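K.L.:
My questions all concern the structure below.
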Amino acid sequence: MPSQISRCSVHRPRRDPVFDALRLLAVVLMVCSHTARLTAPAARSWWAEPSLMLEPLCQALFLCLVGVSLALSWESAQARGVARWPWLRAQLRRAAELFAISVVFFLLERGPCWPHFLLSTGILFIIAGAIVLFAPIVPSRGALAWSAVLTAGLWSVAMAMDHRELWVLGLNAGNGPLLPTAIHAGFGLTALLAWRRFGLRGAIAVVVAAVVAAVSVLVSAGSLQAALDSDWARTSHRLIFQGGGHGLQNAWDMIQGEPLRKLRVSFFNPKPRMIPLVAAVVVGLYLLLVPARKLLDPISTWALAMGRFALGVYVLHLGLVALPVVLVGRMQAFDAPWQSNGYLLLTLALCQLYAVLRTHQQRRRREAADVG
């Protein structure tokens with residue numbers, strides 16, 4: 001019948017391999033930094049310290065791409081004829097799943113420490129929060145304006161709280177608080193929506209705004225070296241956890257009625273005034289890879305598979321990171337370079353295998369849909 005549309009006629013928006021390359025970069029650097037944290041400082045290899053130094057940039061890049069992915073996901077849903085509310089329910093369900101996974105990993109790492117296992121669980125908590133904050137405005141009219149206003153509003157709140165030294169666990173203090181890192185998702189969403197609406201003019205406006213904001217940060221700091229200084233760019237929060245071992249051991253001690261000693265842990269989080277500078281770096285990375293798009297496109301299916309399934313890869317690597325901690329019983333499970341080097345290669349190999357299997361699965365589903 002003329003009113004019926006076959007599945008093979010549905011247009012699928014073409015993926016941008018540059019975004020997949022950026023996701024791959026973020027995931028690989030995060031795997032390196034987390035593996036470095038599993039290694040005693042004296043036994044760390046050459047890649048450990050640079051990855052730890054770049055860790056805040058990796059988080060920002062990952063969150064920026066979350067915002068980009070929300071916009072691209074809605075475009076794809078519209079092309080498939082998916083309505084607003086089913087798409088939004090799917091996004092909120094994903095956020096709930098990510099939050100649940102973050103709680104599980106925290107329990108494995110620290111045990112049932114209240115209220116930290118609900119409010120201070122790391123980057124998956126930030127991603128889930130960013131989805132809850134920004135997904136509802138993506139399908140709405142005036143999404144670009146709403147995204148810009150919400151992003152600017154969150155940044156203003158973060159700046160005000162930082163200036164007044166108001167620290168709230170989960171919001172702007174603790175292990176991976178929502179602010180200011182989640183603001184990068186708003187920047188990514190706003191940038192892509194501006195690009196889609198205004199074309200080249202929108203893209204140029206985003207680049208100019210990012211550069212001007214970055215220059216203002218550098219002027220405020222006095223120099224690039226001062227801007228990267230830990231005292232100027234980061235803030236430290238010290239939390240007290242119950243128990244000194246890994247989560248399962250702490251939980252078992254609690255069941256047995258054993259007394260748990262208090263453990264003080266310091267977390268370093270970026271200050272909100274670094275948001276413009278980091279956003280400019282993210283834009284610069286994208287522009288740096290744009291000329292290589294034609295080279296990336298033919299190899300994107302397999303070489304960039306980890307970037308295509310970055311979220312699943314990231315969750316898998318968190319499980320692999322937690323494994324040595326649980327087996328050895330301490331956070332720094334490796335005390336020799338060969339151990340951390342070997343485990344890094346093993347983790348990357350398993351993540352690539354996962355991404356390749358997901359690629360095969362996706363291809364079979366599309367072939368079956370086209371045939372049907």
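Each chain in the structure tokens gets a letter, A, B and so on, in the order shown; residues start at 1 in every chain, and ligands are counted from 1 in the order they appear.
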When you look at Pro115 of chain A with a cut-off of 10 Å (counting only C-alpha atoms), what residues show up, excluding the ones that are within fewer than 3 positions of it in the same chain? I need them as a ChimeraX atom specification.
P.N.:
/A:112,118-120,169-170
K.L.:
Generate the output file for the selected residues, C-alpha atoms, as a CSV table (one decimal), in the first residue's frame.
P.N.:
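Below is the file selection.csv, written as the result:
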```csv
chain,number,residue,atom,x,y,z
A,112,PRO,CA,27.8,0.7,51.5
A,118,LEU,CA,24.1,7.5,46.0
A,119,LEU,CA,25.6,10.9,45.5
A,120,SER,CA,29.3,10.5,44.9
A,169,LEU,CA,28.0,16.4,48.1
A,170,GLY,CA,27.1,15.1,44.7
```
K.L.:
Counting only C-alpha atoms, what is within 12 Å of Val149 of chain A, bar same-chain residues fewer than 3 positions away, as a list of chain:residue names?
P.N.:
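These residues fall inside the cut-off: A:Phe134, A:Ile137, A:Gly142, A:Ala143, A:Leu144, A:Ala145, A:Trp146, A:Ala152, A:Gly153, A:Leu154, A:Trp155, A:Ser156, A:Ile183, A:Gly186, A:Phe187, A:Leu189, A:Thr190.
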K.L.:
At a cut-off of 12 Å, using only C-alpha atoms, what residues contact Ala90 of chain A? Leave out same-chain residues fewer than 3 positions from it and give the result as a PyMOL selection string.
P.N.:
chain A and resi 70+73-74+77+82-87+93-97+131-132+135-136
K.L.:
Provide the atom CA of Ala355 of chain A to atom CA of Leu54 of chain A distance in Å, to one decimal place.
P.N.:
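Taking atom CA of Ala355 of chain A as the start and atom CA of Leu54 of chain A as the end point, the length is 24.0 Å.
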K.L.:
Rank A:Ile127, A:Val31, A:Leu52, A:Met331 by their smallest atom-to-atom distance to Val313 of chain A, using only C-alpha atoms, and report the top residue only.
P.N.:
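Closest to Val313 of chain A, using only C-alpha atoms: A:Val31.
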K.L.:
Got a sec: who's within 9 Å of Leu72 of chain A, counting only C-alpha atoms, leaving out chain neighbours fewer than 4 positions off, as a list in words?
P.N.:
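The neighbour list is Pro13, Arg15, Gly67, Val68, Ser76, Ala77 and Leu192 of chain A.
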K.L.:
Would you please work out which residue, of A:Leu304, A:Ala191, A:Val104, A:Ala42, is nearest to Ala336 of chain A when using only C-alpha atoms?
P.N.:
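Comparing A:Leu304, A:Ala191, A:Val104, A:Ala42 against Ala336 of chain A, the winner is A:Ala42.
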K.L.:
One number please: atom CA of Ile299 of chain A to atom CA of Leu353 of chain A, in Å, one decimal.
P.N.:
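Atom-to-atom, atom CA of Ile299 of chain A to atom CA of Leu353 of chain A, that is 16.1 Å.
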K.L.:
Between atom CA of Leu61 of chain A and atom CA of Cys32 of chain A, measure the distance and give it in Å to one decimal.
P.N.:
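Atom CA of Cys32 of chain A lies at a distance of 15.2 Å from atom CA of Leu61 of chain A.
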